[in-house]
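Peer 1: File query_37.cif follows (mmCIF, C-alpha atoms and all ligand atoms):
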```cif
data_data
#
loop_
_atom_site.label_atom_id
_atom_site.label_comp_id
_atom_site.auth_asym_id
_atom_site.auth_seq_id
_atom_site.Cartn_x
_atom_site.Cartn_y
_atom_site.Cartn_z
CA MET A 1 37.14 16.29 -7.45
CA THR A 2 37.08 12.65 -6.43
CA LEU A 3 35.11 11.63 -3.40
CA ASN A 4 36.22 8.98 -0.98
CA HIS A 5 33.88 5.97 -1.24
CA SER A 6 35.95 3.51 0.79
CA ARG A 7 33.24 2.72 3.33
CA SER A 8 30.61 2.24 0.59
CA GLU A 9 33.02 -0.13 -1.13
CA ALA A 10 33.58 -2.12 2.05
CA LEU A 11 29.85 -2.32 2.75
CA TYR A 12 29.19 -3.43 -0.82
CA SER A 13 31.60 -6.35 -0.40
CA ASP A 14 29.73 -7.28 2.77
CA ALA A 15 26.36 -6.85 1.10
CA LEU A 16 27.42 -9.14 -1.74
CA GLU A 17 28.04 -11.86 0.84
CA HIS A 18 24.55 -11.66 2.28
CA ILE A 19 22.14 -9.94 -0.08
CA VAL A 20 21.66 -11.22 -3.57
CA GLY A 21 23.56 -8.93 -5.92
CA GLY A 22 24.28 -6.70 -2.93
CA VAL A 23 21.07 -4.72 -3.45
CA ASN A 24 17.40 -5.13 -2.62
CA SER A 25 16.22 -3.81 -5.96
CA PRO A 26 18.22 -4.28 -9.17
CA SER A 27 17.74 -0.64 -10.16
CA ARG A 28 20.00 0.31 -7.21
CA SER A 29 22.97 -1.54 -8.64
CA PHE A 30 25.50 0.38 -10.71
CA LYS A 31 25.50 -2.32 -13.38
CA ALA A 32 24.11 0.01 -16.05
CA VAL A 33 26.69 2.71 -15.29
CA GLY A 34 29.84 0.65 -15.40
CA GLY A 35 29.47 -1.50 -12.27
CA GLY A 36 31.21 -1.28 -8.92
CA ALA A 37 29.94 -0.33 -5.51
CA PRO A 38 26.77 1.72 -5.33
CA VAL A 39 26.93 4.56 -2.84
CA PHE A 40 25.54 3.52 0.55
CA MET A 41 23.53 6.35 2.05
CA GLU A 42 23.32 6.94 5.75
CA ARG A 43 21.03 9.91 6.20
CA ALA A 44 18.82 12.21 4.19
CA GLU A 45 17.20 15.52 4.93
CA GLY A 46 15.46 17.94 2.60
CA ALA A 47 17.07 17.77 -0.82
CA TYR A 48 20.27 16.14 0.46
CA PHE A 49 21.78 12.74 1.11
CA TRP A 50 24.86 11.97 3.20
CA ASP A 51 26.68 8.75 2.44
CA VAL A 52 28.55 6.47 4.84
CA ASP A 53 31.82 8.22 3.93
CA GLY A 54 30.42 11.61 4.96
CA ASN A 55 29.92 12.97 1.43
CA ARG A 56 26.89 15.15 0.79
CA TYR A 57 24.80 14.89 -2.39
CA ILE A 58 21.93 16.83 -3.90
CA ASP A 59 19.30 14.18 -4.49
CA TYR A 60 17.49 13.95 -7.84
CA LEU A 61 16.77 10.24 -7.47
CA CYS A 62 14.16 10.95 -4.80
CA ALA A 63 13.74 7.23 -4.17
CA TYR A 64 12.45 6.77 -7.76
CA GLY A 65 9.55 9.10 -7.17
CA PRO A 66 7.96 8.89 -3.72
CA ILE A 67 9.99 11.70 -2.16
CA ILE A 68 8.37 14.95 -3.26
CA THR A 69 8.43 17.04 -0.08
CA GLY A 70 12.12 16.42 0.56
CA HIS A 71 13.50 13.84 2.97
CA ALA A 72 12.41 13.75 6.61
CA HIS A 73 9.82 16.46 6.14
CA PRO A 74 8.84 17.44 9.71
CA HIS A 75 5.07 17.15 9.12
CA ILE A 76 5.42 13.65 7.69
CA THR A 77 7.98 12.56 10.28
CA GLU A 78 5.66 13.65 13.08
CA ALA A 79 2.77 11.76 11.54
CA ILE A 80 4.88 8.59 11.35
CA ILE A 81 6.05 8.95 14.97
CA ARG A 82 2.47 9.50 16.13
CA ALA A 83 1.37 6.38 14.26
CA ALA A 84 4.25 4.31 15.61
CA ARG A 85 3.45 5.37 19.19
CA SER A 86 -0.10 4.13 18.73
CA GLY A 87 0.98 0.71 17.45
CA THR A 88 2.05 -0.01 13.92
CA LEU A 89 -0.35 -2.73 12.81
CA TYR A 90 -3.80 -3.81 13.96
CA GLY A 91 -5.27 -6.09 11.31
CA THR A 92 -8.51 -4.15 11.75
CA PRO A 93 -9.94 -1.19 9.87
CA THR A 94 -8.97 2.30 11.03
CA GLU A 95 -10.45 5.76 10.53
CA LEU A 96 -7.18 6.91 8.94
CA GLU A 97 -7.80 4.69 5.92
CA ILE A 98 -11.10 6.42 5.27
CA GLN A 99 -9.39 9.79 5.49
CA LEU A 100 -6.74 8.94 2.89
CA ALA A 101 -9.31 7.26 0.64
CA ARG A 102 -11.43 10.43 0.79
CA MET A 103 -8.42 12.55 -0.13
CA LEU A 104 -7.58 10.33 -3.11
CA LYS A 105 -11.16 10.29 -4.34
CA ALA A 106 -11.46 14.06 -4.05
CA ALA A 107 -8.32 14.51 -6.14
CA ILE A 108 -9.04 11.71 -8.65
CA PRO A 109 -12.81 11.53 -9.14
CA SER A 110 -12.74 8.45 -11.41
CA MET A 111 -11.97 6.42 -8.30
CA ASP A 112 -15.42 5.77 -6.79
CA LYS A 113 -13.94 3.10 -4.55
CA VAL A 114 -10.39 2.60 -3.33
CA ARG A 115 -8.41 -0.30 -1.88
CA PHE A 116 -4.99 0.13 -0.24
CA VAL A 117 -2.17 -2.33 -0.82
CA ASN A 118 1.58 -2.22 -0.11
CA SER A 119 3.27 -1.39 -3.39
CA GLY A 120 2.73 -0.18 -6.91
CA THR A 121 3.34 -3.73 -8.11
CA GLU A 122 0.45 -5.04 -6.04
CA ALA A 123 -1.84 -2.22 -7.11
CA VAL A 124 -1.23 -2.82 -10.82
CA MET A 125 -1.36 -6.59 -10.50
CA THR A 126 -4.76 -6.35 -8.86
CA THR A 127 -6.23 -3.93 -11.38
CA ILE A 128 -5.51 -6.58 -14.00
CA ARG A 129 -7.24 -9.27 -11.95
CA VAL A 130 -10.23 -7.02 -11.41
CA ALA A 131 -10.43 -6.14 -15.12
CA ARG A 132 -10.28 -9.82 -16.02
CA ALA A 133 -12.97 -10.66 -13.49
CA TYR A 134 -15.21 -7.87 -14.75
CA THR A 135 -14.82 -8.52 -18.49
CA LYS A 136 -14.39 -12.30 -18.22
CA ARG A 137 -11.57 -11.95 -20.75
CA ASN A 138 -7.88 -12.76 -20.42
CA LYS A 139 -5.53 -10.67 -22.51
CA ILE A 140 -3.84 -7.40 -21.59
CA ILE A 141 -2.45 -4.80 -23.95
CA LYS A 142 0.44 -2.70 -22.64
CA PHE A 143 2.94 -0.30 -24.16
CA ALA A 144 6.58 -1.02 -24.81
CA GLY A 145 8.88 0.44 -22.19
CA CYS A 146 6.16 1.22 -19.65
CA TYR A 147 7.05 -0.44 -16.35
CA HIS A 148 4.19 -1.63 -14.20
CA GLY A 149 5.97 -3.44 -11.39
CA HIS A 150 7.33 -6.95 -11.31
CA SER A 151 4.28 -9.18 -11.41
CA ASP A 152 4.38 -11.84 -14.14
CA LEU A 153 1.97 -10.34 -16.62
CA VAL A 154 3.50 -6.90 -16.85
CA LEU A 155 7.13 -7.98 -16.91
CA VAL A 156 6.78 -8.83 -20.55
CA ALA A 157 8.74 -6.29 -22.61
CA ALA A 158 8.89 -4.02 -19.56
CA GLY A 159 10.71 -0.72 -19.16
CA SER A 160 13.45 0.92 -17.13
CA GLY A 161 14.93 -1.67 -14.75
CA PRO A 162 14.63 -4.74 -16.97
CA SER A 163 15.64 -2.94 -20.18
CA THR A 164 18.60 -1.36 -18.47
CA LEU A 165 19.81 -4.76 -17.46
CA GLY A 166 19.12 -6.12 -20.93
CA ILE A 167 16.44 -8.56 -19.82
CA PRO A 168 13.49 -7.93 -22.07
CA ASP A 169 11.48 -10.70 -20.43
CA SER A 170 12.33 -11.97 -16.98
CA ALA A 171 13.19 -15.61 -16.58
CA GLY A 172 10.61 -17.53 -14.60
CA ILE A 173 7.60 -16.27 -16.50
CA PRO A 174 5.85 -19.13 -18.27
CA PRO A 175 5.23 -18.65 -22.00
CA SER A 176 1.55 -19.30 -21.31
CA ILE A 177 1.46 -16.10 -19.21
CA ALA A 178 3.55 -14.05 -21.62
CA SER A 179 1.19 -15.06 -24.41
CA GLU A 180 -1.62 -13.23 -22.61
CA VAL A 181 0.17 -9.91 -23.03
CA ILE A 182 0.33 -7.84 -26.19
CA THR A 183 2.85 -5.01 -26.36
CA VAL A 184 2.33 -1.99 -28.59
CA PRO A 185 4.58 1.08 -29.05
CA PHE A 186 3.60 4.06 -26.88
CA ASN A 187 1.96 6.95 -28.75
CA ASP A 188 0.99 4.60 -31.61
CA LEU A 189 -2.78 4.45 -32.08
CA ASP A 190 -2.47 2.46 -35.32
CA GLY A 191 -0.53 -0.22 -33.45
CA LEU A 192 -3.22 -0.30 -30.78
CA GLN A 193 -5.97 -0.46 -33.38
CA GLN A 194 -4.27 -3.45 -35.05
CA ALA A 195 -3.84 -5.25 -31.74
CA LEU A 196 -7.48 -4.66 -30.84
CA ALA A 197 -8.64 -5.76 -34.29
CA ARG A 198 -6.75 -9.00 -33.89
CA TRP A 199 -7.36 -9.85 -30.22
CA GLY A 200 -10.07 -7.39 -29.15
CA ASP A 201 -12.64 -10.02 -28.19
CA ASP A 202 -10.28 -11.42 -25.60
CA VAL A 203 -8.73 -8.19 -24.33
CA ALA A 204 -9.66 -7.47 -20.72
CA ALA A 205 -7.75 -4.20 -20.44
CA VAL A 206 -5.40 -1.75 -22.01
CA MET A 207 -2.88 -0.61 -19.43
CA VAL A 208 -0.88 2.58 -19.82
CA GLU A 209 1.21 5.09 -17.92
CA PRO A 210 -0.74 8.16 -19.08
CA ILE A 211 2.40 10.21 -18.62
CA VAL A 212 5.38 7.89 -18.92
CA GLY A 213 8.07 7.93 -16.25
CA ASN A 214 9.93 4.76 -17.15
CA PHE A 215 11.81 5.43 -20.36
CA GLY A 216 12.42 9.00 -19.44
CA MET A 217 9.55 11.39 -18.94
CA VAL A 218 7.34 11.15 -21.99
CA MET A 219 4.04 12.89 -22.70
CA PRO A 220 1.30 11.25 -24.72
CA VAL A 221 0.92 13.02 -28.07
CA PRO A 222 -2.34 14.96 -28.43
CA GLY A 223 -5.18 12.56 -29.14
CA PHE A 224 -3.34 9.44 -27.98
CA LEU A 225 -5.16 8.88 -24.69
CA ASP A 226 -8.43 10.02 -26.14
CA GLY A 227 -8.09 7.51 -28.98
CA LEU A 228 -6.84 4.81 -26.64
CA CYS A 229 -9.85 5.16 -24.35
CA ARG A 230 -12.32 5.27 -27.24
CA MET A 231 -10.89 2.25 -29.07
CA THR A 232 -10.51 0.24 -25.88
CA ARG A 233 -14.11 0.84 -24.87
CA GLU A 234 -15.37 0.03 -28.37
CA ALA A 235 -13.59 -3.30 -28.01
CA GLY A 236 -15.41 -3.91 -24.71
CA ALA A 237 -12.21 -3.73 -22.66
CA LEU A 238 -11.31 -1.58 -19.65
CA VAL A 239 -8.77 1.23 -19.51
CA ILE A 240 -6.25 1.03 -16.67
CA TYR A 241 -4.05 4.02 -15.90
CA ASP A 242 -0.89 3.20 -14.01
CA GLU A 243 -0.36 6.45 -12.13
CA VAL A 244 2.16 5.06 -9.65
CA ILE A 245 4.62 7.74 -10.78
CA SER A 246 2.26 10.37 -12.19
CA GLY A 247 -0.13 10.44 -9.22
CA PHE A 248 0.46 13.76 -7.38
CA ARG A 249 3.76 14.26 -9.20
CA PHE A 250 2.75 17.11 -11.53
CA HIS A 251 -0.07 18.72 -9.60
CA TYR A 252 -2.40 17.89 -6.72
CA GLY A 253 -4.16 15.09 -8.57
CA SER A 254 -3.07 12.73 -11.30
CA ALA A 255 -2.41 12.75 -15.03
CA GLN A 256 -6.10 12.15 -15.67
CA THR A 257 -6.99 15.39 -13.90
CA TYR A 258 -4.08 17.43 -15.22
CA ASP A 259 -5.53 20.42 -17.05
CA ALA A 260 -2.38 21.08 -19.08
CA PHE A 261 -2.82 17.69 -20.71
CA PRO A 262 -2.64 17.51 -24.50
CA ASP A 263 -6.09 15.92 -24.59
CA PRO A 264 -8.42 18.68 -23.45
CA GLN A 265 -11.06 16.61 -21.69
CA ALA A 266 -8.85 14.59 -19.40
CA ILE A 267 -10.10 11.12 -20.08
CA GLU A 268 -11.08 8.98 -17.17
CA PRO A 269 -9.93 5.39 -16.95
CA ASP A 270 -12.00 2.54 -15.50
CA LEU A 271 -9.27 1.67 -13.03
CA THR A 272 -6.28 3.57 -11.63
CA ALA A 273 -3.20 2.24 -9.84
CA LEU A 274 -1.32 4.50 -7.43
CA GLY A 275 1.74 4.18 -5.20
CA LYS A 276 4.93 6.10 -4.33
CA ILE A 277 3.93 9.68 -3.37
CA ILE A 278 0.64 8.69 -1.70
CA GLY A 279 2.66 6.88 1.00
CA GLY A 280 4.86 9.86 1.86
CA GLY A 281 7.97 7.66 1.70
CA LEU A 282 6.55 4.55 3.39
CA PRO A 283 5.41 1.43 1.52
CA ILE A 284 2.01 1.82 -0.11
CA GLY A 285 -0.06 1.17 -3.18
CA ALA A 286 -3.70 1.80 -3.95
CA TYR A 287 -6.08 1.01 -6.72
CA GLY A 288 -9.55 2.19 -7.44
CA GLY A 289 -12.09 2.89 -10.09
CA ARG A 290 -15.70 2.74 -11.12
CA LYS A 291 -18.05 1.41 -8.48
CA GLU A 292 -19.41 -1.45 -10.56
CA VAL A 293 -15.90 -2.54 -11.59
CA MET A 294 -14.57 -2.36 -8.04
CA ALA A 295 -17.59 -4.39 -6.90
CA GLN A 296 -15.64 -7.40 -8.27
CA VAL A 297 -13.22 -7.18 -5.33
CA ALA A 298 -13.57 -9.44 -2.28
CA PRO A 299 -15.44 -9.34 0.08
CA LEU A 300 -18.03 -7.80 -2.28
CA GLY A 301 -17.15 -9.83 -5.34
CA PRO A 302 -15.29 -12.88 -6.62
CA ALA A 303 -11.87 -11.27 -7.34
CA TYR A 304 -9.65 -12.00 -4.34
CA GLN A 305 -7.05 -9.57 -3.03
CA ALA A 306 -5.83 -9.25 0.54
CA GLY A 307 -2.89 -7.97 2.59
CA THR A 308 -1.66 -8.30 6.16
CA MET A 309 0.12 -4.95 5.96
CA ALA A 310 -2.41 -3.21 3.73
CA GLY A 311 -3.60 0.12 5.11
CA ASN A 312 -1.14 0.01 8.00
CA PRO A 313 -1.43 3.16 10.12
CA ALA A 314 2.15 4.32 9.57
CA SER A 315 1.96 4.29 5.76
CA ILE A 316 -1.50 5.78 5.74
CA SER A 317 -0.51 8.52 8.20
CA ALA A 318 2.59 9.37 6.16
CA GLY A 319 0.44 9.49 3.02
CA ILE A 320 -2.12 11.83 4.57
CA ALA A 321 0.65 14.09 5.87
CA CYS A 322 2.37 14.14 2.47
CA LEU A 323 -0.84 15.09 0.66
CA GLU A 324 -1.48 17.78 3.27
CA VAL A 325 1.90 19.32 2.51
CA LEU A 326 1.18 19.10 -1.22
CA GLN A 327 -1.97 21.18 -0.74
CA THR A 328 0.20 24.20 0.11
CA ALA A 329 -0.38 26.95 -2.43
CA GLY A 330 2.37 27.43 -5.02
CA ILE A 331 4.27 24.28 -4.13
CA TYR A 332 4.06 22.64 -7.56
CA GLU A 333 4.78 25.95 -9.30
CA GLN A 334 7.99 26.27 -7.30
CA MET A 335 9.20 22.79 -8.38
CA ASP A 336 8.16 23.60 -11.91
CA LYS A 337 10.16 26.83 -11.93
CA LEU A 338 13.31 25.11 -10.68
CA ALA A 339 12.94 22.28 -13.18
CA VAL A 340 12.58 24.77 -16.04
CA LYS A 341 15.86 26.37 -14.99
CA LEU A 342 17.55 23.00 -14.55
CA GLY A 343 16.34 21.57 -17.87
CA ALA A 344 17.14 24.69 -19.88
CA GLY A 345 20.54 25.00 -18.20
CA LEU A 346 21.50 21.39 -18.90
CA LYS A 347 20.46 21.72 -22.53
CA ARG A 348 22.38 25.00 -23.00
CA LEU A 349 25.54 23.57 -21.43
CA ALA A 350 25.35 20.37 -23.48
CA ASP A 351 24.90 22.43 -26.66
CA GLU A 352 27.89 24.61 -25.74
CA HIS A 353 30.02 21.48 -25.47
CA GLY A 354 28.68 19.82 -28.62
CA ILE A 355 27.01 16.99 -26.70
CA PRO A 356 23.68 15.79 -28.13
CA LEU A 357 21.12 15.91 -25.34
CA THR A 358 17.35 15.68 -25.35
CA ILE A 359 15.59 16.94 -22.25
CA ASN A 360 12.01 15.88 -21.66
CA ARG A 361 10.63 17.98 -18.83
CA ILE A 362 7.21 17.62 -17.35
CA ARG A 363 6.70 20.10 -14.54
CA GLY A 364 9.09 19.26 -11.66
CA SER A 365 10.60 16.20 -13.32
CA LEU A 366 12.80 15.70 -16.32
CA SER A 367 14.86 13.15 -18.17
CA THR A 368 18.18 13.40 -19.95
CA HIS A 369 18.64 11.35 -23.10
CA PHE A 370 22.04 11.57 -24.74
CA CYS A 371 20.72 11.67 -28.30
CA PRO A 372 19.93 14.47 -30.72
CA SER A 373 16.37 13.43 -31.58
CA PRO A 374 13.11 13.71 -29.65
CA VAL A 375 12.08 10.84 -27.41
CA THR A 376 8.39 10.01 -27.74
CA ASN A 377 8.48 6.24 -27.33
CA TYR A 378 10.64 3.46 -25.97
CA GLU A 379 12.42 2.73 -29.24
CA GLU A 380 13.60 6.32 -29.44
CA SER A 381 14.74 6.31 -25.82
CA GLN A 382 16.78 3.18 -26.48
CA LEU A 383 18.77 5.17 -29.05
CA ALA A 384 20.17 7.37 -26.30
CA ASP A 385 23.85 6.73 -25.62
CA GLY A 386 24.16 4.64 -22.44
CA GLU A 387 27.92 5.02 -22.21
CA GLN A 388 27.68 8.77 -22.34
CA PHE A 389 25.02 8.69 -19.66
CA ALA A 390 27.22 6.45 -17.51
CA ARG A 391 30.12 8.88 -17.84
CA PHE A 392 27.86 11.83 -17.00
CA PHE A 393 26.35 9.95 -14.04
CA ARG A 394 29.82 9.28 -12.58
CA LEU A 395 31.09 12.81 -13.16
CA MET A 396 28.01 14.22 -11.43
CA LEU A 397 28.22 11.76 -8.54
CA GLU A 398 31.83 12.70 -7.91
CA GLN A 399 30.66 16.32 -7.58
CA GLY A 400 27.92 15.47 -5.10
CA ILE A 401 24.96 15.22 -7.47
CA CYS A 402 22.97 12.01 -7.12
CA LEU A 403 21.04 10.76 -10.16
CA ALA A 404 19.40 7.41 -10.77
CA PRO A 405 21.98 4.98 -12.23
CA SER A 406 20.11 4.40 -15.49
CA LYS A 407 19.71 6.34 -18.71
CA TYR A 408 15.97 5.63 -18.58
CA GLU A 409 15.17 7.07 -15.17
CA ALA A 410 13.84 10.53 -14.42
CA TRP A 411 15.25 13.34 -12.30
CA PHE A 412 12.76 14.45 -9.66
CA LEU A 413 12.64 17.75 -7.86
CA THR A 414 11.16 18.19 -4.41
CA THR A 415 9.70 21.09 -2.50
CA ALA A 416 13.03 21.18 -0.63
CA HIS A 417 15.27 21.89 -3.63
CA THR A 418 16.42 25.50 -3.92
CA GLU A 419 17.70 27.78 -6.62
CA ALA A 420 21.19 27.39 -5.09
CA ASP A 421 20.92 23.59 -5.55
CA ILE A 422 20.10 24.09 -9.22
CA ASP A 423 23.04 26.48 -9.62
CA GLN A 424 25.35 23.96 -7.98
CA THR A 425 24.00 21.19 -10.21
CA LEU A 426 24.51 23.24 -13.36
CA ALA A 427 28.05 24.15 -12.30
CA ALA A 428 28.74 20.43 -11.89
CA ALA A 429 27.13 19.67 -15.25
CA ARG A 430 29.39 22.24 -16.91
CA ILE A 431 32.45 20.42 -15.58
CA ALA A 432 30.99 17.05 -16.57
CA PHE A 433 30.23 18.16 -20.14
CA GLN A 434 33.69 19.74 -20.41
CA ALA A 435 35.28 16.43 -19.46
CA MET A 436 32.99 14.51 -21.82
CA SER A 437 33.74 16.80 -24.74
CA ARG A 438 37.45 16.10 -24.23
CA ASP A 439 36.94 12.29 -24.20
N1 LIG B 501 4.12 1.33 -11.96
C1 LIG B 501 4.98 2.31 -12.30
C2 LIG B 501 4.59 3.29 -13.36
C3 LIG B 501 6.21 2.38 -11.67
O1 LIG B 501 7.09 3.33 -12.04
C4 LIG B 501 6.53 1.45 -10.65
C5 LIG B 501 7.85 1.50 -9.90
N2 LIG B 501 8.87 2.20 -10.45
C6 LIG B 501 5.59 0.47 -10.33
C7 LIG B 501 4.40 0.43 -11.00
C8 LIG B 501 5.88 -0.54 -9.26
O2 LIG B 501 5.83 0.06 -8.01
P1 LIG B 501 6.57 -0.62 -6.75
O3 LIG B 501 8.03 -0.52 -7.01
O4 LIG B 501 6.10 0.19 -5.58
O5 LIG B 501 6.11 -2.03 -6.68
#
```
Could you render the structure from this file as structure tokens?
Peer 2:
Amino acid sequence: MTLNHSRSEALYSDALEHIVGGVNSPSRSFKAVGGGAPVFMERAEGAYFWDVDGNRYIDYLCAYGPIITGHAHPHITEAIIRAARSGTLYGTPTELEIQLARMLKAAIPSMDKVRFVNSGTEAVMTTIRVARAYTKRNKIIKFAGCYHGHSDLVLVAAGSGPSTLGIPDSAGIPPSIASEVITVPFNDLDGLQQALARWGDDVAAVMVEPIVGNFGMVMPVPGFLDGLCRMTREAGALVIYDEVISGFRFHYGSAQTYDAFPDPQAIEPDLTALGKIIGGGLPIGAYGGRKEVMAQVAPLGPAYQAGTMAGNPASISAGIACLEVLQTAGIYEQMDKLAVKLGAGLKRLADEHGIPLTINRIRGSLSTHFCPSPVTNYEESQLADGEQFARFFRLMLEQGICLAPSKYEAWFLTTAHTEADIDQTLAAARIAFQAMSRD
């Protein structure tokens, strides 16, 4: 089956004339999967997308994570309409902000105080500033392949987008800034210990995605986060969890409150960055943490952070509505069940066709690495075959299954996906693997 993409192709030529690279985020380009026009979507509802040529797709991209209740969920849509009718931006505090802050704090108790911003990038960037202000130190330790947004400090040896495009460090970042960042392999406590032994006195924070979503879905090995938190605190530095993906993705809470975690006492960070799901599909970010650390933030303290759009009623209302939906009993279990079927089915089909495939599944999300060996860190995920992924991506797209156009990105399920969607996806995967095994 080959879909007609003529209108997407025409729009892409137009977009190239006016929008740099034709896309407003490089991860949307098809560069990593052989190039050409990305599919231009027109409408989305539930688990489905319709493109400008009238083709329907089952969506596993889910906007790179924020969409967890399916597109245009009626409860969220109503909340957005209500907010829009009451005026979209005031530049004053609102009661809604308190409500969402309360919900976040109840779900993630390490956040004594919260501040809303507009994106995950902003949230992470500010946690670093706050950690530096609090510790009066400069350096940051991060883990190879973890992506923390596009602010200067964390775009050093970053993950999915940049690595896909083969840009380990972005241009435009001064060496003086890059020299403040130390990168260590994920799941490697010895590496962290060495970095802390060498630079510990000047390390403000160790930043980590406690469950990685940016070089596939990767769990910390048992003891990793525990050791990370202990060593970091011994060195007098703060622990920052970037939970922009993991917040509310696996259960109603975050990785740090996930009771199926390999480290039994879920270890609390000093600061947490959130985004994506907590905005219900509208722009948002949030950060928070221990009271005395957050007391650094203006107007209380000397670390400045502000935002014209921060806490806007539409984003906050969508976030509240999304979390309300996620409180429905059994909702995570349902996504989990479908993802188990999807992951196991993909693996079985790949095996049947002699195609090496590693599936990392964490509840309702999974990643597909075309390699025979386990993927526990970035180096291992880089070994996955990008050309095979590109071929698979195209074969699935042509059968109406929409994945992220990168071998590093995750597949996300939503509360709207059904068993029939999984069956259709597996039927498409069978055809894709058949074609690939004949290549
Ligand atoms: N942190 C993580 C873990 C992310 O995955 C992302 C985005 N993919 C960000 C931060 C940046 O978020 P945003 O794109 O909203 O700026």
Peer 1: Per residue of chain A within 9 Å of ligand LIG 501 (chain B), which atom pair is closest and at what distance in Å (one decimal), using only C-alpha atoms and all ligand atoms, listed by chain and increasing number, as JSON lines?
Peer 2:
```
{"residue": "A:Ser25", "atom": "CA", "partner": "B:LIG501", "partner_atom": "O3", "distance": 8.9}
{"residue": "A:Tyr64", "atom": "CA", "partner": "B:LIG501", "partner_atom": "N2", "distance": 6.4}
{"residue": "A:Gly65", "atom": "CA", "partner": "B:LIG501", "partner_atom": "N2", "distance": 7.7}
{"residue": "A:Asn118", "atom": "CA", "partner": "B:LIG501", "partner_atom": "O4", "distance": 7.5}
{"residue": "A:Ser119", "atom": "CA", "partner": "B:LIG501", "partner_atom": "O4", "distance": 3.9}
{"residue": "A:Gly120", "atom": "CA", "partner": "B:LIG501", "partner_atom": "O2", "distance": 3.3}
{"residue": "A:Thr121", "atom": "CA", "partner": "B:LIG501", "partner_atom": "O5", "distance": 3.6}
{"residue": "A:Glu122", "atom": "CA", "partner": "B:LIG501", "partner_atom": "O5", "distance": 6.4}
{"residue": "A:Ala123", "atom": "CA", "partner": "B:LIG501", "partner_atom": "C7", "distance": 7.8}
{"residue": "A:Val124", "atom": "CA", "partner": "B:LIG501", "partner_atom": "C7", "distance": 6.5}
{"residue": "A:Cys146", "atom": "CA", "partner": "B:LIG501", "partner_atom": "C2", "distance": 6.8}
{"residue": "A:Tyr147", "atom": "CA", "partner": "B:LIG501", "partner_atom": "C1", "distance": 5.3}
{"residue": "A:His148", "atom": "CA", "partner": "B:LIG501", "partner_atom": "N1", "distance": 3.7}
{"residue": "A:Gly149", "atom": "CA", "partner": "B:LIG501", "partner_atom": "C8", "distance": 3.6}
{"residue": "A:His150", "atom": "CA", "partner": "B:LIG501", "partner_atom": "O5", "distance": 6.9}
{"residue": "A:Ser151", "atom": "CA", "partner": "B:LIG501", "partner_atom": "O5", "distance": 8.8}
{"residue": "A:Gly159", "atom": "CA", "partner": "B:LIG501", "partner_atom": "O1", "distance": 9.0}
{"residue": "A:Ser160", "atom": "CA", "partner": "B:LIG501", "partner_atom": "N2", "distance": 8.2}
{"residue": "A:Gly161", "atom": "CA", "partner": "B:LIG501", "partner_atom": "N2", "distance": 8.4}
{"residue": "A:Val208", "atom": "CA", "partner": "B:LIG501", "partner_atom": "C2", "distance": 8.5}
{"residue": "A:Glu209", "atom": "CA", "partner": "B:LIG501", "partner_atom": "C2", "distance": 6.0}
{"residue": "A:Ile211", "atom": "CA", "partner": "B:LIG501", "partner_atom": "C2", "distance": 9.0}
{"residue": "A:Val212", "atom": "CA", "partner": "B:LIG501", "partner_atom": "C2", "distance": 7.3}
{"residue": "A:Gly213", "atom": "CA", "partner": "B:LIG501", "partner_atom": "O1", "distance": 6.3}
{"residue": "A:Asn214", "atom": "CA", "partner": "B:LIG501", "partner_atom": "O1", "distance": 6.0}
{"residue": "A:Asp242", "atom": "CA", "partner": "B:LIG501", "partner_atom": "C2", "distance": 5.5}
{"residue": "A:Glu243", "atom": "CA", "partner": "B:LIG501", "partner_atom": "C2", "distance": 6.0}
{"residue": "A:Val244", "atom": "CA", "partner": "B:LIG501", "partner_atom": "C1", "distance": 4.7}
{"residue": "A:Ile245", "atom": "CA", "partner": "B:LIG501", "partner_atom": "C2", "distance": 5.1}
{"residue": "A:Ser246", "atom": "CA", "partner": "B:LIG501", "partner_atom": "C2", "distance": 7.5}
{"residue": "A:Ala273", "atom": "CA", "partner": "B:LIG501", "partner_atom": "N1", "distance": 7.7}
{"residue": "A:Leu274", "atom": "CA", "partner": "B:LIG501", "partner_atom": "N1", "distance": 7.8}
{"residue": "A:Gly275", "atom": "CA", "partner": "B:LIG501", "partner_atom": "O4", "distance": 5.9}
{"residue": "A:Lys276", "atom": "CA", "partner": "B:LIG501", "partner_atom": "O4", "distance": 6.2}
{"residue": "A:Pro283", "atom": "CA", "partner": "B:LIG501", "partner_atom": "O4", "distance": 7.2}
{"residue": "A:Ile284", "atom": "CA", "partner": "B:LIG501", "partner_atom": "O4", "distance": 7.0}
{"residue": "A:Gly285", "atom": "CA", "partner": "B:LIG501", "partner_atom": "O4", "distance": 6.7}
```
Peer 1: Calculated over all atoms listed in the file, which of the candidates A:Ser6, A:Thr88, A:Ala37, A:Gln99 has the smallest distance to A:Asp53?
Peer 2: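 Going through A:Ser6, A:Thr88, A:Ala37, A:Gln99 one by one, the smallest distance to A:Asp53 is for A:Ser6.
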Peer 1: What does the distance from atom CA of A:Arg115 to atom CA of A:Tyr287 come to in Å, to one decimal?
Peer 2: 5.5 Å
Peer 1: How close does each residue of stretch 313-364 of chain A get to stretch 405-409 of chain A, giving the shortest atom pair and distance in Å to one decimal for every residue with an atom at most 12 Å away, counting all atoms listed in the file, sorted by chain and residue number, as a tab-separated table?
Peer 2:
```
residue	atom	partner	partner_atom	distance
A:Leu357	CA	A:Lys407	CA	11.7
A:Thr358	CA	A:Lys407	CA	11.7
A:Ile359	CA	A:Tyr408	CA	11.9
A:Asn360	CA	A:Glu409	CA	11.4
```
